[in-house]
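Trainee: Provided herewith is a single structure, encoded as structure tokens, for subsequent inquiry.
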Amino acid sequence: MGFTLRDHTADVAVEADGESLGAVFAAVADGLTAAMCDDPAETGDRFSFAVRAEGREALLFDYLDQLIYERDVRGVLPAAHEATVRRAGDEWVVEASARGVPFADVDARDVKAVTYSEMRLAETDAGWEAYVVFDV
């Protein structure tokens with residue numbers, strides 16, 4: 001289980017799978033990290049956050065958007081992602097953490113935003129799969 005970067009017209013796409021929703025969310029986030037940096041350093045401190053949304057696809061979008069926000073605000077490359085996804089009443093919640101690698105320690109490329117274009121999140125016999133396009 002993991003991720004694959006896919007070429008996409010003027011963008012980059014991540015195709016990922018995982019045994020659980022949390023695992024596929026983390027795998028897509030690992031793909032986002034790989035799209036920004038070939039070899040992230042092992043430096044940096046972990047940070048945690050939670051995101052809520054009305055649906056699973058919206059939650060995946062908001063989670064990835066939050067990672068891009070954290071990158072910009074903290075000045076770090078989020079890496080080594082962990083995520084747990086659960087239903088909470090009428091909402092879905094992801095509780096996540098990542099290691100924030102300081103920009104000074106990496107040569108990072110810019111990923112501008114996550115998009116809903118062609119986004120897919122589906123349950124499979126083996127767990128979950130996702131496809132997400134990022135604007136670069």
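Chain labels run A, B, ... following the order of the structure tokens; each chain numbers its residues from 1, and ligands are numbered from 1 in the order shown.
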Compile the contact shell of Met36 of chain A as a PyMOL selection string: residues with an atom at most 9 Å away, counting only C-alpha atoms, same-chain residues fewer than 3 positions apart removed.
Mentor: chain A and resi 31-33+77+107-111
Trainee: Please save N, CA and C atoms of the selected residues as a short mmCIF file (atom, residue, chain, number, x, y, z; two decimals), in the first residue's frame.
Mentor:
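Result file part_12.cif:
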```
data_model
loop_
_atom_site.label_atom_id
_atom_site.label_comp_id
_atom_site.auth_asym_id
_atom_site.auth_seq_id
_atom_site.Cartn_x
_atom_site.Cartn_y
_atom_site.Cartn_z
N GLY A 31 2.33 11.32 -0.97
CA GLY A 31 2.48 11.65 -2.39
C GLY A 31 2.62 13.15 -2.60
N LEU A 32 1.86 13.94 -1.84
CA LEU A 32 2.00 15.40 -1.90
C LEU A 32 3.42 15.81 -1.51
N THR A 33 3.96 15.21 -0.46
CA THR A 33 5.33 15.50 -0.04
C THR A 33 6.30 15.14 -1.16
N LEU A 77 8.19 21.63 5.24
CA LEU A 77 7.65 20.63 4.33
C LEU A 77 7.04 19.53 5.19
N ASP A 107 15.25 21.01 -0.66
CA ASP A 107 15.07 21.75 -1.91
C ASP A 107 13.66 21.41 -2.39
N ALA A 108 12.68 22.25 -2.03
CA ALA A 108 11.28 21.93 -2.28
C ALA A 108 10.73 22.67 -3.49
N ARG A 109 9.87 21.97 -4.23
CA ARG A 109 9.12 22.55 -5.35
C ARG A 109 7.77 23.02 -4.82
N ASP A 110 7.18 23.98 -5.51
CA ASP A 110 5.90 24.53 -5.06
C ASP A 110 4.73 23.71 -5.60
N VAL A 111 3.84 23.33 -4.73
CA VAL A 111 2.53 22.82 -5.10
C VAL A 111 1.56 23.88 -4.61
#
```
Trainee: Write out as JSON lines a residue-level contact list of segment 30-126 of chain A versus segment 15-21 of chain A with cut-off 10 Å: for each qualifying residue the closest pair of atoms and the distance in Å to one decimal, counting only C-alpha atoms, rows sorted by chain and residue number upward.
Mentor:
```
{"residue": "A:Asp30", "atom": "CA", "partner": "A:Ala16", "partner_atom": "CA", "distance": 9.2}
{"residue": "A:Gly31", "atom": "CA", "partner": "A:Ala16", "partner_atom": "CA", "distance": 7.8}
{"residue": "A:Arg56", "atom": "CA", "partner": "A:Leu21", "partner_atom": "CA", "distance": 8.8}
{"residue": "A:Leu60", "atom": "CA", "partner": "A:Leu21", "partner_atom": "CA", "distance": 9.5}
{"residue": "A:Ala83", "atom": "CA", "partner": "A:Leu21", "partner_atom": "CA", "distance": 8.4}
{"residue": "A:Thr84", "atom": "CA", "partner": "A:Leu21", "partner_atom": "CA", "distance": 7.4}
{"residue": "A:Val85", "atom": "CA", "partner": "A:Leu21", "partner_atom": "CA", "distance": 6.0}
{"residue": "A:Arg86", "atom": "CA", "partner": "A:Leu21", "partner_atom": "CA", "distance": 8.4}
{"residue": "A:Val94", "atom": "CA", "partner": "A:Leu21", "partner_atom": "CA", "distance": 9.3}
{"residue": "A:Met119", "atom": "CA", "partner": "A:Glu15", "partner_atom": "CA", "distance": 9.8}
{"residue": "A:Arg120", "atom": "CA", "partner": "A:Glu15", "partner_atom": "CA", "distance": 9.2}
{"residue": "A:Leu121", "atom": "CA", "partner": "A:Leu21", "partner_atom": "CA", "distance": 9.1}
{"residue": "A:Ala122", "atom": "CA", "partner": "A:Leu21", "partner_atom": "CA", "distance": 9.4}
{"residue": "A:Glu123", "atom": "CA", "partner": "A:Leu21", "partner_atom": "CA", "distance": 8.6}
{"residue": "A:Thr124", "atom": "CA", "partner": "A:Glu19", "partner_atom": "CA", "distance": 9.1}
{"residue": "A:Asp125", "atom": "CA", "partner": "A:Glu19", "partner_atom": "CA", "distance": 9.4}
{"residue": "A:Ala126", "atom": "CA", "partner": "A:Glu19", "partner_atom": "CA", "distance": 6.2}
```
Trainee: Deliver the residues from the most recent selection as a file, using N, CA and C atoms, as an mmCIF file, in the first residue's frame.
Mentor:
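As written to disk, selection26.cif reads:
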```cif
data_model
loop_
_atom_site.group_PDB
_atom_site.id
_atom_site.type_symbol
_atom_site.label_atom_id
_atom_site.label_comp_id
_atom_site.auth_asym_id
_atom_site.auth_seq_id
_atom_site.Cartn_x
_atom_site.Cartn_y
_atom_site.Cartn_z
ATOM 1 N N ASP A 30 1.650 11.638 1.692
ATOM 2 C CA ASP A 30 3.033 11.267 1.358
ATOM 3 C C ASP A 30 3.322 11.555 -0.111
ATOM 4 N N GLY A 31 2.327 11.321 -0.970
ATOM 5 C CA GLY A 31 2.479 11.653 -2.386
ATOM 6 C C GLY A 31 2.622 13.151 -2.603
ATOM 7 N N ARG A 56 -16.597 12.371 3.083
ATOM 8 C CA ARG A 56 -15.231 11.837 3.037
ATOM 9 C C ARG A 56 -14.373 12.549 1.997
ATOM 10 N N LEU A 60 -10.996 14.726 2.666
ATOM 11 C CA LEU A 60 -9.690 14.518 2.027
ATOM 12 C C LEU A 60 -9.180 15.833 1.447
ATOM 13 N N ALA A 83 -2.547 9.546 9.890
ATOM 14 C CA ALA A 83 -3.914 10.057 9.922
ATOM 15 C C ALA A 83 -4.877 8.973 10.398
ATOM 16 N N THR A 84 -5.861 9.408 11.157
ATOM 17 C CA THR A 84 -6.961 8.556 11.585
ATOM 18 C C THR A 84 -8.254 9.250 11.182
ATOM 19 N N VAL A 85 -9.123 8.535 10.488
ATOM 20 C CA VAL A 85 -10.386 9.107 10.018
ATOM 21 C C VAL A 85 -11.531 8.394 10.724
ATOM 22 N N ARG A 86 -12.512 9.193 11.180
ATOM 23 C CA ARG A 86 -13.671 8.601 11.838
ATOM 24 C C ARG A 86 -14.917 9.441 11.579
ATOM 25 N N VAL A 94 -10.701 13.944 10.530
ATOM 26 C CA VAL A 94 -9.366 13.356 10.421
ATOM 27 C C VAL A 94 -8.509 13.989 11.508
ATOM 28 N N MET A 119 -10.947 14.089 -8.636
ATOM 29 C CA MET A 119 -10.750 13.471 -7.320
ATOM 30 C C MET A 119 -11.617 12.222 -7.198
ATOM 31 N N ARG A 120 -10.992 11.186 -6.662
ATOM 32 C CA ARG A 120 -11.699 9.923 -6.458
ATOM 33 C C ARG A 120 -11.283 9.341 -5.110
ATOM 34 N N LEU A 121 -12.254 8.872 -4.354
ATOM 35 C CA LEU A 121 -12.011 8.176 -3.089
ATOM 36 C C LEU A 121 -13.013 7.037 -3.046
ATOM 37 N N ALA A 122 -12.516 5.806 -3.048
ATOM 38 C CA ALA A 122 -13.418 4.663 -3.140
ATOM 39 C C ALA A 122 -12.934 3.505 -2.283
ATOM 40 N N GLU A 123 -13.900 2.777 -1.738
ATOM 41 C CA GLU A 123 -13.594 1.569 -0.985
ATOM 42 C C GLU A 123 -13.375 0.420 -1.968
ATOM 43 N N THR A 124 -12.381 -0.417 -1.689
ATOM 44 C CA THR A 124 -12.071 -1.582 -2.529
ATOM 45 C C THR A 124 -12.061 -2.828 -1.649
ATOM 46 N N ASP A 125 -11.873 -3.970 -2.266
ATOM 47 C CA ASP A 125 -11.771 -5.214 -1.496
ATOM 48 C C ASP A 125 -10.570 -5.193 -0.549
ATOM 49 N N ALA A 126 -9.511 -4.468 -0.940
ATOM 50 C CA ALA A 126 -8.281 -4.418 -0.138
ATOM 51 C C ALA A 126 -8.248 -3.243 0.839
#
```
Trainee: Can you list, as a list in words, all residues belonging to segment 67-113 of chain A that DSSP tags as strand (DSSP E)?
Mentor: Val76, Leu77, Pro78, Ala79, Ala80, His81, Glu82, Ala83, Thr84, Val85, Arg86, Arg87, Ala88, Glu91, Trp92, Val93, Val94, Glu95, Ala96, Ser97, Ala98, Arg99, Gly100, Val101, Pro102 and Ala113 of chain A
Trainee: Can you work out which one of A:Ala80, A:Glu54, A:Tyr131, A:Tyr116 has the shortest atom-to-atom distance to Val93 of chain A, counting only C-alpha atoms?
Mentor: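 Distance minimum relative to Val93 of chain A lands on A:Glu54.
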Trainee: Mind checking DSSP for segment 8-113 of chain A and telling me the alpha helix (DSSP H) residues as a PyMOL selection string?
Mentor: chain A and resi 21-36+56-74
Trainee: May I ask which of the residues A:Val73, A:Val24, A:Ala88, A:Cys37 is the closest one to Gly55 of chain A, counting only C-alpha atoms?
Mentor: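 Between A:Val73, A:Val24, A:Ala88, A:Cys37, the residue approaching Gly55 of chain A most closely is A:Ala88.
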